[in-house]
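Engineer: Pasting a structure here, questions to come.
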Amino acid sequence: ACMASSAYATNIVLDYGSVHSGVGGEFVVKTDGTAASTAFVNATMANYNSLATYQGGFETFCIEYNEHFSPGSSYTYQVSPNAISTPSDPVSVGTAYLYSMFAQGSLSGYNYSSTTSAGNLQNTFWFLEGDQPSMPNTFLALLTTEFGSVAAAQGDSFTYNNGNVVNAASFGVAALNLGGIANNWPNQDQLVYQGRQNVPDGGTTLMLLGMAMGGMSLLRRKLS
């Protein structure tokens with residue numbers, strides 16, 4: 001589903017990643033050798049753990065199931081909140097949440113050298129983006145713990161119990177729209193991690209901070 005299309009020589013190269021499953025990711029975004037392309041890839045790679053990089057590029061996954069590209073070919077690109085489809089499709093909070101952890105090398109249950117893991121994560125992304133009717137159970141617990149339900153994880157935004165609202169950008173994740181010559185969009189939409197933002201997480205961080213401050217207060221009283 002993510003393969004077999006004509007190639008155009010432009011800004012970035014999209015190829016197979018260190019492991020990949022069938023027609024899905026992992027894929028790797030690499031420079032086409034031009035200065036602008038190299039600067040973009042290097043700056044983006046700085047946000048990634050080495051587990052999520054390969055052959056001088058950063059690893060990524062398809063967002064849209066029915067878009068196609070030719071592995072090893074070059075494409076124009078833009079970073080956007082949305083996959084380019086009709087209508088445009090924002091990256092879901094569940095996809096952003098999982099991919100942000102993948103990029104940071106901390107995704108629980110993911111084996112970075114396993115084709116099976118790559119396939120499970122890709123199929124989860126396709127489900128979260130509404131392109132498949134079901135998903136593997138691999139990341140079910142992560143999604144339900146964070147968002148309460150899989151349906152909520154499929155949303156464009158999520159409101160925690162404390163009222164804090166997040167979207168894909170809150171997790172530092174966007175769509176990497178890839179096109180052909182003369183910005184002939186889309187050939188493909190991939191994920192890109194731009195660095196995790198300050199994500200309001202439903203109160204856990206605030207609770208831990210409160211516990212820490214309370215502990216400091218008790219310590220001060222004890223020392224006095």
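Ordering of the structure tokens sets the chain letters (A, B, ...); residue numbers start at 1 within each chain; ligands are numbered from 1 in the order shown.
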Residues at most 12 Å from Gly148 (chain A), counting only C-alpha atoms, excluding those fewer than 5 positions away in the same chain, as a VMD selection string?
Structural biologist: chain A and resid 94 140 to 143 153 to 155 158 to 161 202
Engineer: Grab the residues selected above and save them as an mmCIF file, in the first residue's frame with N, CA, C and O atoms.
Structural biologist:
data_model
loop_
_atom_site.group_PDB
_atom_site.id
_atom_site.type_symbol
_atom_site.label_atom_id
_atom_site.label_comp_id
_atom_site.auth_asym_id
_atom_site.auth_seq_id
_atom_site.Cartn_x
_atom_site.Cartn_y
_atom_site.Cartn_z
ATOM 1 N N GLY A 94 -3.517 9.525 19.269
ATOM 2 C CA GLY A 94 -2.936 8.216 19.553
ATOM 3 C C GLY A 94 -1.717 7.927 18.707
ATOM 4 O O GLY A 94 -0.700 7.424 19.200
ATOM 5 N N LEU A 140 -2.416 -1.562 22.887
ATOM 6 C CA LEU A 140 -3.743 -1.258 23.410
ATOM 7 C C LEU A 140 -3.677 -0.683 24.822
ATOM 8 O O LEU A 140 -4.331 0.318 25.136
ATOM 9 N N ALA A 141 -2.882 -1.307 25.681
ATOM 10 C CA ALA A 141 -2.804 -0.847 27.069
ATOM 11 C C ALA A 141 -2.239 0.564 27.158
ATOM 12 O O ALA A 141 -2.724 1.387 27.950
ATOM 13 N N LEU A 142 -1.227 0.868 26.343
ATOM 14 C CA LEU A 142 -0.652 2.214 26.350
ATOM 15 C C LEU A 142 -1.698 3.249 25.964
ATOM 16 O O LEU A 142 -1.818 4.302 26.600
ATOM 17 N N LEU A 143 -2.447 2.952 24.920
ATOM 18 C CA LEU A 143 -3.427 3.909 24.425
ATOM 19 C C LEU A 143 -4.564 4.109 25.418
ATOM 20 O O LEU A 143 -4.995 5.241 25.671
ATOM 21 N N ALA A 153 -8.325 7.831 21.394
ATOM 22 C CA ALA A 153 -6.995 7.914 20.797
ATOM 23 C C ALA A 153 -7.059 8.194 19.303
ATOM 24 O O ALA A 153 -6.097 8.708 18.721
ATOM 25 N N GLN A 154 -8.170 7.868 18.667
ATOM 26 C CA GLN A 154 -8.341 8.141 17.245
ATOM 27 C C GLN A 154 -8.703 9.595 16.958
ATOM 28 O O GLN A 154 -8.698 10.020 15.799
ATOM 29 N N GLY A 155 -8.978 10.354 17.991
ATOM 30 C CA GLY A 155 -9.427 11.726 17.796
ATOM 31 C C GLY A 155 -8.305 12.672 17.405
ATOM 32 O O GLY A 155 -7.123 12.394 17.587
ATOM 33 N N PHE A 158 -7.594 15.647 22.404
ATOM 34 C CA PHE A 158 -8.060 14.918 23.580
ATOM 35 C C PHE A 158 -8.023 15.854 24.777
ATOM 36 O O PHE A 158 -7.063 16.618 24.958
ATOM 37 N N THR A 159 -9.074 15.805 25.592
ATOM 38 C CA THR A 159 -9.150 16.618 26.795
ATOM 39 C C THR A 159 -9.008 15.720 28.012
ATOM 40 O O THR A 159 -9.826 14.821 28.234
ATOM 41 N N TYR A 160 -7.966 15.955 28.805
ATOM 42 C CA TYR A 160 -7.766 15.182 30.027
ATOM 43 C C TYR A 160 -8.772 15.603 31.094
ATOM 44 O O TYR A 160 -9.462 16.630 30.955
ATOM 45 N N ASN A 161 -8.838 14.819 32.152
ATOM 46 C CA ASN A 161 -9.811 15.083 33.217
ATOM 47 C C ASN A 161 -9.607 16.448 33.864
ATOM 48 O O ASN A 161 -10.547 17.033 34.405
ATOM 49 N N GLY A 202 -2.888 14.990 32.078
ATOM 50 C CA GLY A 202 -4.022 14.528 32.877
ATOM 51 C C GLY A 202 -3.799 14.646 34.360
ATOM 52 O O GLY A 202 -4.582 14.153 35.154
#
Engineer: Quick one: residues within 9 Å of Asn167 (chain A), only C-alpha atoms counted, chain neighbours fewer than 3 positions away excluded, as a PDB file with N, CA, C and O atoms, in the first residue's frame?
Structural biologist:
ATOM      1  N   VAL A  91      -3.294  14.414  12.092  1.00  0.00           N
ATOM      2  CA  VAL A  91      -2.706  13.252  12.759  1.00  0.00           C
ATOM      3  C   VAL A  91      -3.415  13.051  14.088  1.00  0.00           C
ATOM      4  O   VAL A  91      -3.615  13.998  14.857  1.00  0.00           O
ATOM      5  N   SER A  92      -3.837  11.828  14.383  1.00  0.00           N
ATOM      6  CA  SER A  92      -4.576  11.557  15.615  1.00  0.00           C
ATOM      7  C   SER A  92      -3.660  11.652  16.830  1.00  0.00           C
ATOM      8  O   SER A  92      -2.439  11.497  16.726  1.00  0.00           O
ATOM      9  N   VAL A  93      -4.260  11.878  17.992  1.00  0.00           N
ATOM     10  CA  VAL A  93      -3.468  11.975  19.214  1.00  0.00           C
ATOM     11  C   VAL A  93      -2.826  10.637  19.559  1.00  0.00           C
ATOM     12  O   VAL A  93      -1.707  10.586  20.080  1.00  0.00           O
ATOM     13  N   ALA A  96       0.234  10.188  17.339  1.00  0.00           N
ATOM     14  CA  ALA A  96       1.297  11.091  17.791  1.00  0.00           C
ATOM     15  C   ALA A  96       1.934  10.602  19.088  1.00  0.00           C
ATOM     16  O   ALA A  96       3.159  10.653  19.255  1.00  0.00           O
ATOM     17  N   GLY A 155      -8.978  10.354  17.991  1.00  0.00           N
ATOM     18  CA  GLY A 155      -9.427  11.726  17.796  1.00  0.00           C
ATOM     19  C   GLY A 155      -8.305  12.672  17.405  1.00  0.00           C
ATOM     20  O   GLY A 155      -7.123  12.394  17.587  1.00  0.00           O
ATOM     21  N   ASP A 156      -8.697  13.842  16.877  1.00  0.00           N
ATOM     22  CA  ASP A 156      -7.728  14.871  16.508  1.00  0.00           C
ATOM     23  C   ASP A 156      -7.209  15.624  17.722  1.00  0.00           C
ATOM     24  O   ASP A 156      -6.149  16.251  17.663  1.00  0.00           O
ATOM     25  N   SER A 157      -7.965  15.583  18.809  1.00  0.00           N
ATOM     26  CA  SER A 157      -7.548  16.208  20.066  1.00  0.00           C
ATOM     27  C   SER A 157      -8.121  15.398  21.210  1.00  0.00           C
ATOM     28  O   SER A 157      -9.021  14.577  21.024  1.00  0.00           O
ATOM     29  N   PHE A 158      -7.594  15.647  22.404  1.00  0.00           N
ATOM     30  CA  PHE A 158      -8.060  14.918  23.580  1.00  0.00           C
ATOM     31  C   PHE A 158      -8.023  15.854  24.777  1.00  0.00           C
ATOM     32  O   PHE A 158      -7.063  16.618  24.958  1.00  0.00           O
ATOM     33  N   SER A 170       1.158  18.696  20.317  1.00  0.00           N
ATOM     34  CA  SER A 170       1.535  18.657  21.729  1.00  0.00           C
ATOM     35  C   SER A 170       2.578  17.585  21.991  1.00  0.00           C
ATOM     36  O   SER A 170       3.410  17.715  22.895  1.00  0.00           O
ATOM     37  N   PHE A 171       2.524  16.508  21.211  1.00  0.00           N
ATOM     38  CA  PHE A 171       3.493  15.424  21.349  1.00  0.00           C
ATOM     39  C   PHE A 171       4.699  15.604  20.424  1.00  0.00           C
ATOM     40  O   PHE A 171       5.563  14.727  20.333  1.00  0.00           O
TER      41      PHE A 171
END
Engineer: Quick check, in Å to one decimal: how far apart do CA of Gln122 (chain A) and CA of Ala39 (chain A) lie?
Structural biologist: 27.3 Å
Engineer: Would you list the contacts of Leu14 (chain A) as a PyMOL selection string, taking every protein, DNA or RNA residue within 8 Å and counting only C-alpha atoms, but skipping same-chain residues closer than 4 positions in sequence?
Structural biologist: chain A and resi 27-30+70-75
Engineer: Next, the residues of the selection above should be written as an mmCIF file, in the first residue's frame with C-alpha atoms.
Structural biologist:
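Writing the result to selection34.cif gives the following:
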data_model
loop_
_atom_site.group_PDB
_atom_site.id
_atom_site.type_symbol
_atom_site.label_atom_id
_atom_site.label_comp_id
_atom_site.auth_asym_id
_atom_site.auth_seq_id
_atom_site.Cartn_x
_atom_site.Cartn_y
_atom_site.Cartn_z
ATOM 1 C CA PHE A 27 10.859 3.629 6.415
ATOM 2 C CA VAL A 28 13.767 6.054 6.581
ATOM 3 C CA VAL A 29 13.878 9.704 5.484
ATOM 4 C CA LYS A 30 17.308 10.659 4.142
ATOM 5 C CA SER A 70 8.764 4.245 -4.796
ATOM 6 C CA PRO A 71 11.381 3.267 -2.163
ATOM 7 C CA GLY A 72 14.713 4.996 -2.716
ATOM 8 C CA SER A 73 13.191 7.871 -4.697
ATOM 9 C CA SER A 74 13.261 11.601 -3.980
ATOM 10 C CA TYR A 75 10.249 13.796 -3.228
#
Engineer: Where does DSSP see helix (DSSP H, G or I) in region 79-210 of chain A, if you list the residues as an NGL selection string?
Structural biologist: :A and (93-103 or 115-128 or 140-147 or 150-153 or 168-171 or 181-183 or 204-210)
Engineer: Pick out the residues sitting within 10 Å of Ser80 (chain A), and hand them over as a list in words; count only C-alpha atoms, and ignore anything fewer than 2 positions along from it in its own chain.
Structural biologist: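 What passes the distance filter is Tyr77, Gln78, Asn82, Ala83, Ile84, Pro90, Val91, Ala169, Val173, Ala174, Ala175, Leu176, Asn177, Asp189, Leu191 and Val192 of chain A.
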Engineer: Please write the residues from the selection above to a file, keeping C-alpha atoms, as a compact mmCIF listing (two decimals), in the first residue's frame.
Structural biologist:
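Written out: part_37.txt:
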# COMPACT_ATOMS: atom_id res chain seq x y z
CA TYR A 77 8.17 17.67 1.19
CA GLN A 78 6.39 19.88 3.66
CA ASN A 82 -2.50 17.05 8.38
CA ALA A 83 -2.12 14.17 6.02
CA ILE A 84 -3.09 15.45 2.61
CA PRO A 90 -5.09 15.71 11.12
CA VAL A 91 -2.71 13.25 12.76
CA ALA A 169 1.60 18.94 17.93
CA VAL A 173 4.51 15.02 15.92
CA ALA A 174 3.39 16.21 12.49
CA ALA A 175 2.73 14.84 9.02
CA LEU A 176 5.52 14.85 6.47
CA ASN A 177 3.66 15.39 3.20
CA ASP A 189 2.24 11.07 4.06
CA LEU A 191 5.26 10.88 10.39
CA VAL A 192 7.92 13.28 11.66
